[in-house]
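Asker: This is the content of entry_11.tsv (TSV, C-alpha atoms):
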chain	number	residue	atom	x	y	z
T	522	MET	CA	0.00	0.00	0.00
T	523	LEU	CA	0.99	3.64	-0.53
T	524	GLU	CA	1.20	4.30	3.21
T	525	SER	CA	3.69	1.43	3.66
T	526	ARG	CA	5.92	2.85	0.95
T	527	VAL	CA	5.80	6.29	2.56
T	528	LEU	CA	6.71	4.90	5.99
T	529	SER	CA	9.80	3.23	4.51
T	530	GLN	CA	11.11	6.40	2.81
T	531	ASP	CA	14.26	8.19	3.90
T	532	GLY	CA	13.34	11.15	6.07
T	533	ILE	CA	10.28	9.56	7.67
T	534	GLU	CA	12.18	9.49	10.99
T	535	THR	CA	12.24	13.30	11.00
T	536	PHE	CA	8.48	13.41	10.61
T	537	THR	CA	7.71	10.71	13.18
T	538	SER	CA	9.91	12.48	15.72
T	539	LYS	CA	7.36	15.33	15.70
T	540	VAL	CA	4.30	13.16	16.31
T	541	ILE	CA	3.27	9.98	18.12
T	542	PRO	CA	2.37	7.39	15.43
T	543	PHE	CA	-0.72	5.38	16.36
T	544	LEU	CA	-2.31	2.48	14.48
T	545	HIS	CA	-5.87	1.36	15.10
T	546	ILE	CA	-7.31	-1.70	13.36
T	547	THR	CA	-11.08	-2.07	13.21
T	548	THR	CA	-11.81	-5.80	13.45
T	549	ARG	CA	-15.62	-5.81	13.82
T	550	ILE	CA	-15.21	-8.60	16.36
T	551	PRO	CA	-18.18	-8.40	18.77
T	552	GLY	CA	-17.14	-7.22	22.23
T	553	LYS	CA	-13.62	-6.14	21.23
T	554	LYS	CA	-12.64	-3.09	23.29
T	555	TYR	CA	-12.32	0.21	21.38
T	556	ASP	CA	-13.26	-1.49	18.10
T	557	ASP	CA	-15.62	1.40	17.33
T	558	LEU	CA	-12.92	4.07	17.69
T	559	LEU	CA	-13.00	4.99	13.99
T	560	VAL	CA	-16.77	5.50	14.04
T	561	LYS	CA	-16.59	7.54	17.25
T	562	ARG	CA	-14.16	9.87	15.52
T	563	GLY	CA	-16.72	10.41	12.76
T	564	ARG	CA	-14.89	8.39	10.13
T	565	ALA	CA	-16.00	5.39	8.09
T	566	MET	CA	-13.57	4.85	5.19
T	567	PHE	CA	-10.64	2.42	5.17
T	568	PRO	CA	-7.86	3.36	5.48
T	569	THR	CA	-8.26	6.69	7.29
T	570	LEU	CA	-5.15	8.71	8.08
T	571	ALA	CA	-5.89	11.40	10.64
T	572	PHE	CA	-4.23	13.84	13.01
T	573	LEU	CA	-5.49	13.89	16.60
T	574	ASP	CA	-4.55	16.30	19.36
T	575	ALA	CA	-2.99	15.30	22.70
T	576	ASP	CA	-6.44	14.49	24.10
T	577	GLY	CA	-7.38	12.27	21.16
T	578	ARG	CA	-9.70	14.81	19.55
T	579	PHE	CA	-9.95	14.73	15.76
T	580	LEU	CA	-8.11	17.53	13.93
T	581	THR	CA	-8.07	16.56	10.25
T	582	THR	CA	-7.65	13.67	7.83
T	583	LEU	CA	-5.19	13.32	4.99
T	584	HIS	CA	-6.79	13.32	1.56
T	585	TYR	CA	-5.68	10.35	-0.55
T	586	THR	CA	-3.69	12.74	-2.79
T	587	LYS	CA	-1.71	13.91	0.26
T	588	ARG	CA	-0.56	10.48	1.40
T	589	SER	CA	3.11	11.17	0.83
T	590	LEU	CA	5.96	12.31	3.05
T	591	GLN	CA	5.54	15.86	1.76
T	592	GLY	CA	1.79	15.60	2.31
T	593	PHE	CA	2.38	14.49	5.90
T	594	GLU	CA	4.68	17.46	6.53
T	595	ASP	CA	2.32	19.97	4.87
T	596	THR	CA	-0.63	18.73	6.92
T	597	LEU	CA	1.38	18.82	10.14
T	598	ALA	CA	2.24	22.46	9.42
T	599	LYS	CA	-1.46	23.23	8.96
T	600	VAL	CA	-2.29	21.45	12.21
T	601	ALA	CA	0.31	23.55	14.07
T	602	ARG	CA	-1.19	26.76	12.62
T	603	LEU	CA	-4.68	25.52	13.47
T	604	GLN	CA	-3.81	25.07	17.14
T	605	LYS	CA	-2.21	28.53	17.35
T	606	LEU	CA	-5.26	30.17	15.78
T	607	ARG	CA	-7.62	28.34	18.12
T	608	ALA	CA	-5.71	29.73	21.09
T	609	ARG	CA	-6.16	33.32	19.78
T	610	ALA	CA	-9.59	33.17	18.11
T	611	ALA	CA	-11.62	34.03	21.22
T	612	THR	CA	-10.02	37.48	21.56
T	613	ASP	CA	-8.74	38.24	18.04
T	614	PRO	CA	-11.38	38.76	15.28
T	615	GLN	CA	-8.83	38.33	12.49
T	616	ALA	CA	-7.59	35.08	14.04
T	617	ALA	CA	-11.22	33.91	14.23
T	618	LYS	CA	-11.64	34.54	10.49
T	619	ASP	CA	-8.31	32.90	9.64
T	620	LEU	CA	-9.29	29.92	11.78
T	621	LEU	CA	-12.62	29.55	10.00
T	622	LEU	CA	-10.97	29.62	6.56
T	623	LEU	CA	-8.24	27.19	7.62
T	624	GLU	CA	-10.73	24.72	9.11
T	625	LEU	CA	-12.75	24.85	5.90
T	626	ASP	CA	-9.59	24.23	3.89
T	627	MET	CA	-8.79	21.26	6.11
T	628	LYS	CA	-12.33	19.85	5.68
T	629	ALA	CA	-12.80	20.08	9.46
T	630	LEU	CA	-16.14	21.92	9.45
T	631	SER	CA	-19.66	21.01	8.41
T	632	PHE	CA	-21.79	23.30	6.26
T	633	THR	CA	-23.98	24.31	9.20
T	634	ALA	CA	-21.04	25.04	11.52
T	635	ALA	CA	-19.18	27.08	8.90
T	636	ARG	CA	-22.28	29.08	7.93
T	637	ASP	CA	-23.19	29.86	11.53
T	638	ARG	CA	-19.69	30.85	12.56
T	639	ALA	CA	-19.41	33.27	9.62
T	640	LYS	CA	-22.43	35.27	10.79
T	641	GLY	CA	-21.33	38.71	11.94
T	642	MET	CA	-17.84	38.38	10.45
T	643	SER	CA	-16.61	41.14	8.16
T	644	PHE	CA	-14.76	39.60	5.20
T	645	SER	CA	-12.56	41.37	2.69
T	646	PRO	CA	-13.44	40.62	-0.98
T	647	GLY	CA	-10.62	38.07	-1.13
T	648	GLU	CA	-11.66	36.41	2.12
T	649	ARG	CA	-15.26	36.32	0.94
T	650	ARG	CA	-14.29	34.46	-2.25
T	651	ILE	CA	-12.22	31.94	-0.30
T	652	TYR	CA	-14.98	31.43	2.25
T	653	GLU	CA	-17.79	30.95	-0.26
T	654	ALA	CA	-15.74	28.62	-2.47
T	655	ALA	CA	-14.95	26.41	0.53
T	656	LEU	CA	-18.44	26.65	2.01
T	657	VAL	CA	-20.24	25.29	-1.06
T	658	GLU	CA	-17.95	22.25	-1.12
T	659	THR	CA	-19.32	21.25	2.29
T	660	LEU	CA	-22.74	20.91	0.64
T	661	VAL	CA	-21.66	17.49	-0.67
T	662	ARG	CA	-21.77	15.94	2.81
T	663	PHE	CA	-24.66	18.14	3.95
T	664	GLY	CA	-26.84	17.03	1.02
T	665	ALA	CA	-25.90	13.38	1.45
T	666	ARG	CA	-26.97	13.54	5.09
T	667	HIS	CA	-30.03	15.83	4.94
T	668	GLY	CA	-31.30	15.33	1.39
T	669	VAL	CA	-31.36	17.34	-1.82
T	670	ASP	CA	-34.38	19.48	-0.91
T	671	GLU	CA	-32.83	20.73	2.32
T	672	ALA	CA	-29.55	21.42	0.50
T	673	LYS	CA	-31.44	23.49	-2.08
T	674	GLU	CA	-33.10	25.51	0.67
T	675	ALA	CA	-29.72	26.11	2.31
T	676	VAL	CA	-28.22	27.38	-0.95
T	677	ALA	CA	-31.23	29.59	-1.68
T	678	ALA	CA	-30.71	31.33	1.67
T	679	LEU	CA	-27.11	32.25	0.78
T	680	ASP	CA	-26.07	35.41	-1.08
T	681	LEU	CA	-23.31	33.80	-3.14
T	682	GLU	CA	-21.13	35.35	-5.81
T	683	SER	CA	-21.43	34.00	-9.36
T	684	GLY	CA	-18.57	31.47	-9.15
T	685	PRO	CA	-19.61	29.75	-5.91
T	686	ARG	CA	-23.26	29.95	-7.00
T	687	ALA	CA	-22.46	28.03	-10.20
T	688	ARG	CA	-20.50	25.45	-8.23
T	689	ALA	CA	-23.35	25.06	-5.74
T	690	LYS	CA	-25.72	24.43	-8.65
T	691	ALA	CA	-23.40	21.70	-9.95
T	692	ILE	CA	-23.21	20.09	-6.51
T	693	LEU	CA	-27.00	20.05	-6.21
T	694	GLU	CA	-27.20	18.41	-9.63
T	695	ASP	CA	-24.66	15.80	-8.50
T	696	LEU	CA	-26.76	15.14	-5.39
T	697	GLU	CA	-29.90	14.65	-7.49
T	698	ILE	CA	-28.07	12.26	-9.80
T	699	ARG	CA	-26.75	10.28	-6.86
T	700	ALA	CA	-30.25	10.11	-5.34
T	701	THR	CA	-31.63	8.79	-8.65
T	702	LEU	CA	-28.95	6.08	-8.75
T	703	ARG	CA	-29.48	4.96	-5.15
T	704	PRO	CA	-31.49	1.82	-6.15
T	705	ILE	CA	-28.35	0.52	-7.89
T	706	LEU	CA	-26.61	0.33	-4.50
T	707	ARG	CA	-29.32	-1.81	-2.92
T	708	ARG	CA	-28.03	-5.18	-1.74
T	709	ARG	CA	-29.06	-8.11	-3.91
T	710	ARG	CA	-28.85	-11.86	-3.55
T	711	PRO	CA	-26.86	-13.33	-6.47
T	712	GLY	CA	-29.02	-15.54	-8.66
T	713	ILE	CA	-32.21	-14.57	-6.83
T	714	ASP	CA	-32.77	-10.83	-7.11
T	715	PRO	CA	-32.78	-9.01	-10.46
T	716	ASP	CA	-29.67	-7.22	-11.68
T	717	PRO	CA	-29.13	-3.64	-10.50
T	718	PRO	CA	-31.10	-1.08	-12.57
T	719	TYR	CA	-28.13	0.29	-14.51
T	720	HIS	CA	-30.60	1.73	-17.01
T	721	LEU	CA	-31.14	4.60	-14.55
T	722	ALA	CA	-27.71	5.99	-15.41
T	723	TYR	CA	-28.37	5.42	-19.11
T	724	ALA	CA	-31.61	7.40	-18.92
T	725	LEU	CA	-29.85	10.30	-17.19
T	726	PHE	CA	-27.10	10.33	-19.81
T	727	ARG	CA	-29.60	10.34	-22.66
T	728	LYS	CA	-31.14	13.47	-21.09
T	729	GLY	CA	-27.74	15.16	-20.93
T	730	ARG	CA	-27.49	14.88	-17.14
T	731	VAL	CA	-23.93	13.98	-16.15
T	732	PRO	CA	-22.07	14.51	-12.85
T	733	SER	CA	-19.52	17.29	-12.49
T	734	ASP	CA	-16.79	14.77	-11.57
T	735	LYS	CA	-15.56	17.13	-8.85
T	736	PRO	CA	-13.65	16.58	-6.67
T	737	ARG	CA	-13.32	13.11	-8.19
T	738	VAL	CA	-14.94	11.00	-10.88
T	739	ASP	CA	-18.36	9.55	-9.99
T	740	LEU	CA	-17.58	5.85	-10.30
T	741	LEU	CA	-21.16	4.75	-9.63
T	742	TYR	CA	-22.57	6.84	-12.48
T	743	TRP	CA	-19.97	6.01	-15.12
T	744	THR	CA	-19.61	2.30	-14.32
T	745	SER	CA	-23.41	1.91	-14.29
T	746	LEU	CA	-23.57	3.75	-17.61
T	747	SER	CA	-20.90	1.48	-19.09
T	748	ARG	CA	-22.84	-1.64	-18.06
T	749	ALA	CA	-26.12	-0.31	-19.46
T	750	ALA	CA	-24.48	0.81	-22.71
T	751	PHE	CA	-22.79	-2.57	-23.14
T	752	GLN	CA	-26.11	-4.36	-22.67
T	753	VAL	CA	-27.72	-2.38	-25.52
T	754	LYS	CA	-24.50	-2.26	-27.59
T	755	ASP	CA	-24.38	1.54	-27.60
T	756	VAL	CA	-20.77	2.09	-28.69
T	757	ARG	CA	-20.63	5.86	-28.35
T	758	THR	CA	-22.11	5.90	-24.85
T	759	PHE	CA	-19.86	3.07	-23.69
T	760	GLU	CA	-16.86	4.93	-25.09
T	761	ALA	CA	-17.91	8.10	-23.23
T	762	ALA	CA	-18.09	6.13	-19.97
T	763	VAL	CA	-14.64	4.63	-20.51
T	764	ARG	CA	-13.23	8.07	-21.37
T	765	HIS	CA	-14.40	9.46	-18.03
T	766	LEU	CA	-13.24	6.40	-16.06
T	767	ARG	CA	-9.83	6.11	-17.72
T	768	PRO	CA	-7.93	8.80	-15.71
T	769	ALA	CA	-9.12	7.43	-12.35
T	770	LEU	CA	-8.72	3.72	-13.15
T	771	THR	CA	-5.28	4.17	-14.73
T	772	LYS	CA	-3.93	4.82	-11.23
T	773	SER	CA	-6.33	2.87	-9.03
T	774	ASN	CA	-7.43	-0.23	-10.98
T	775	ALA	CA	-5.54	-0.88	-14.21
T	776	ALA	CA	-6.97	-4.41	-14.51
T	777	TRP	CA	-10.53	-3.11	-14.47
T	778	LEU	CA	-9.66	-0.49	-17.08
T	779	LYS	CA	-8.11	-3.19	-19.27
T	780	ARG	CA	-11.37	-5.15	-19.19
T	781	LEU	CA	-13.35	-2.04	-20.13
T	782	GLU	CA	-10.99	-1.30	-23.02
T	783	ALA	CA	-11.41	-4.89	-24.25
T	784	LYS	CA	-15.21	-4.55	-24.11
T	785	LEU	CA	-14.99	-1.28	-26.02
T	786	ALA	CA	-12.88	-2.92	-28.72
T	787	LEU	CA	-15.39	-5.78	-28.91
T	788	LEU	CA	-18.33	-3.39	-29.30
T	789	LYS	CA	-16.54	-1.47	-32.03
T	790	GLN	CA	-15.70	-4.70	-33.81
T	791	GLN	CA	-19.30	-5.92	-33.59
T	792	ALA	CA	-20.60	-2.57	-34.81
T	793	GLY	CA	-18.26	-2.75	-37.80
T	794	ILE	CA	-19.33	-6.29	-38.66
T	795	GLU	CA	-23.01	-5.43	-38.34
T	796	LYS	CA	-22.53	-2.32	-40.48
T	797	GLN	CA	-20.86	-4.36	-43.21
T	798	ALA	CA	-23.66	-6.93	-43.01
T	799	ASP	CA	-26.31	-4.19	-43.32
T	800	GLU	CA	-24.52	-2.70	-46.32
T	801	THR	CA	-24.30	-6.14	-47.97
T	802	ASP	CA	-27.99	-6.82	-47.38
T	803	SER	CA	-28.86	-3.38	-48.73
T	804	SER	CA	-26.72	-3.95	-51.79
T	805	HIS	CA	-28.38	-7.28	-52.49
T	806	ARG	CA	-31.85	-5.78	-52.10
T	807	SER	CA	-31.05	-2.95	-54.51
T	808	GLN	CA	-29.82	-5.26	-57.30
T	809	PRO	CA	-32.43	-6.06	-59.96
T	810	LYS	CA	-33.55	-9.67	-60.05
T	811	LEU	CA	-32.44	-11.54	-63.12
T	812	ARG	CA	-35.19	-12.96	-65.28
T	813	LYS	CA	-34.86	-16.46	-66.49
Show me this structure written as structure tokens.
Answerer:
Amino acid sequence: MLESRVLSQDGIETFTSKVIPFLHITTRIPGKKYDDLLVKRGRAMFPTLAFLDADGRFLTTLHYTKRSLQGFEDTLAKVARLQKLRARAATDPQAAKDLLLLELDMKALSFTAARDRAKGMSFSPGERRIYEAALVETLVRFGARHGVDEAKEAVAALDLESGPRARAKAILEDLEIRATLRPILRRRRPGIDPDPPYHLAYALFRKGRVPSDKPRVDLLYWTSLSRAAFQVKDVRTFEAAVRHLRPALTKSNAAWLKRLEAKLALLKQQAGIEKQADETDSSHRSQPKLRK
């Protein structure tokens, strides 16, 4: 794994001398003490790399793109600044604003908390742009937890500038798409229940509704679309799905991408054969019949 390679790099000793490394393994063994530590810290994904303070309180997680020695050091520097700002925020208005923006940057605040804490603060134009851009990104988790309708109401109550407003609109569209595709995620018994309704993604695509692919590609949408397109032998739609999946799968799952590329080649080959067959049939039909 990436984390293992990082921990074996030269220079890791310098980093680990500044922190206390701690490993927790969630076993899901009934009755095991502290097995729910990850959940209690508000996390659910495996693996989660996080910084905690001396009392074990959550500070921030490392995004998967930051899981490098440099990423560790950069995040530690942010954590140090975070703790200094927290010590000054109660008496220093500028420190309170800087703290809010830093916590948003570190993905350490919910939409509701960030919105409420900003009330009464006087932002400069530059601070306002940074705040609004970060605030709308928290709508992803807010909408997933509270629903699309409540997220729409929350956005409607904000006086956003044009850039953040456009991004908020894209996020709401992503949330609606994800809600439409939710039946695909339903657990099914192999050989008993019907296949997942991949046609839901196909119907969205045919209407021109596609996810923004920010901050990362929507694997559920594009893989569902690829399966539906393959079933109906829609070459162009299948190719569009592979095109969107290719950058993500090149790094994360090359074997899966190879299978998709093979399916795409097969569809193109079949389409070419069928086209030739149609042209041959058409040619035969257009030729005059010879009289005996």
Asker: Between CA of Phe579 (chain T) and CA of Asp637 (chain T), measure the distance and give it in Å to one decimal.
Answerer: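 That distance, rounded to one decimal, is 20.5 Å.
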Asker: Skipping near chain neighbours, those fewer than 2 positions away, what residues fall within 12 Å of region 615-621 of chain T using all atoms listed in the file, listed as a ChimeraX atom specification?
Answerer: /T:599-613,623-632,634-645,648-649,651-653,655-656
Asker: Between CA of Leu770 (chain T) and CA of Asp739 (chain T), what is the distance in Å, rounded to a tenth?
Answerer: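 These two atoms are separated by 11.7 Å.
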Asker: List as CSV every residue of region 616-723 of chain T that is in contact with region 751-756 of chain T, defined as an atom at most 12 Å from one of its atoms (using all atoms listed in the file), together with the nearest atom pair and the distance in Å rounded to one decimal, sorted by chain and then rising number.
Answerer:
residue,atom,partner,partner_atom,distance
T:Asp716,CA,T:Gln752,CA,11.9
T:Pro718,CA,T:Gln752,CA,11.7
T:Tyr719,CA,T:Gln752,CA,9.6
T:His720,CA,T:Gln752,CA,9.4
T:Tyr723,CA,T:Val753,CA,10.1
Asker: Only C-alpha atoms, please: the residues just picked out, written as a JSON list (two decimals), keeping the file's coordinate frame.
Answerer:
[["chain", "number", "residue", "atom", "x", "y", "z"],
["T", 716, "ASP", "CA", -29.67, -7.22, -11.68],
["T", 718, "PRO", "CA", -31.10, -1.08, -12.57],
["T", 719, "TYR", "CA", -28.13, 0.29, -14.51],
["T", 720, "HIS", "CA", -30.60, 1.73, -17.01],
["T", 723, "TYR", "CA", -28.37, 5.42, -19.11]]
Asker: Please indicate the distance in Å from CA of Arg588 (chain T) to CA of Val738 (chain T), rounded to one decimal place.
Answerer: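 CA of Val738 (chain T) lies at a distance of 18.9 Å from CA of Arg588 (chain T).
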Asker: Please identify all polymer residues lying at most 12 Å from the point (-16.6, 35.9, -7.5) (file coordinates), using all atoms listed in the file, and present the result as a list in words.
Answerer: Pro646, Gly647, Glu648, Arg649, Arg650, Ile651, Tyr652, Glu653, Ala654, Asp680, Leu681, Glu682, Ser683, Gly684, Pro685, Arg686, Ala687 and Arg688 of chain T
Asker: Excluding Ala689 (chain T) and any residue of its chain fewer than 6 positions from it, enumerate the residues within 12 Å of it, using all atoms listed in the file, and give them as a PyMOL selection string.
Answerer: chain T and resi 653-661+663-664+669+672-677+679-683+695-696+733+735
Asker: Select, from T:Thr758, T:Thr771, T:Thr633, T:Thr537, the residue with the minimum atom-to-atom distance to Leu597 (chain T), counting only C-alpha atoms.
Answerer: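 Result for the nearest residue to Leu597 (chain T): T:Thr537.
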Asker: Residues within 10 Å of Leu740 (chain T), please, as a PDB file with C-alpha atoms, in the coordinates of the input. Count all atoms listed in the file; anything in the same chain fewer than 2 positions from it doesn't count.
Answerer:
ATOM      1  CA  ASP T 734     -16.790  14.770 -11.570  1.00  0.00           C
ATOM      2  CA  ARG T 737     -13.320  13.110  -8.190  1.00  0.00           C
ATOM      3  CA  VAL T 738     -14.940  11.000 -10.880  1.00  0.00           C
ATOM      4  CA  TYR T 742     -22.570   6.840 -12.480  1.00  0.00           C
ATOM      5  CA  TRP T 743     -19.970   6.010 -15.120  1.00  0.00           C
ATOM      6  CA  THR T 744     -19.610   2.300 -14.320  1.00  0.00           C
ATOM      7  CA  SER T 745     -23.410   1.910 -14.290  1.00  0.00           C
ATOM      8  CA  LEU T 746     -23.570   3.750 -17.610  1.00  0.00           C
ATOM      9  CA  ALA T 762     -18.090   6.130 -19.970  1.00  0.00           C
ATOM     10  CA  HIS T 765     -14.400   9.460 -18.030  1.00  0.00           C
ATOM     11  CA  LEU T 766     -13.240   6.400 -16.060  1.00  0.00           C
ATOM     12  CA  ALA T 769      -9.120   7.430 -12.350  1.00  0.00           C
ATOM     13  CA  LEU T 770      -8.720   3.720 -13.150  1.00  0.00           C
TER      14      LEU T 770
END
Asker: Using only C-alpha atoms, find the one residue out of T:Ile698, T:Ala722, T:Leu693, T:Ala775 that sits nearest to Phe759 (chain T).
Answerer: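 Once distances to Phe759 (chain T) are computed over only C-alpha atoms, the minimum belongs to T:Ala722.
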Asker: Between T:Gly668, T:Gly577, T:Pro551, T:Pro717, which residue has the minimum interatomic distance to Glu697 (chain T), considering all atoms listed in the file?
Answerer: T:Gly668
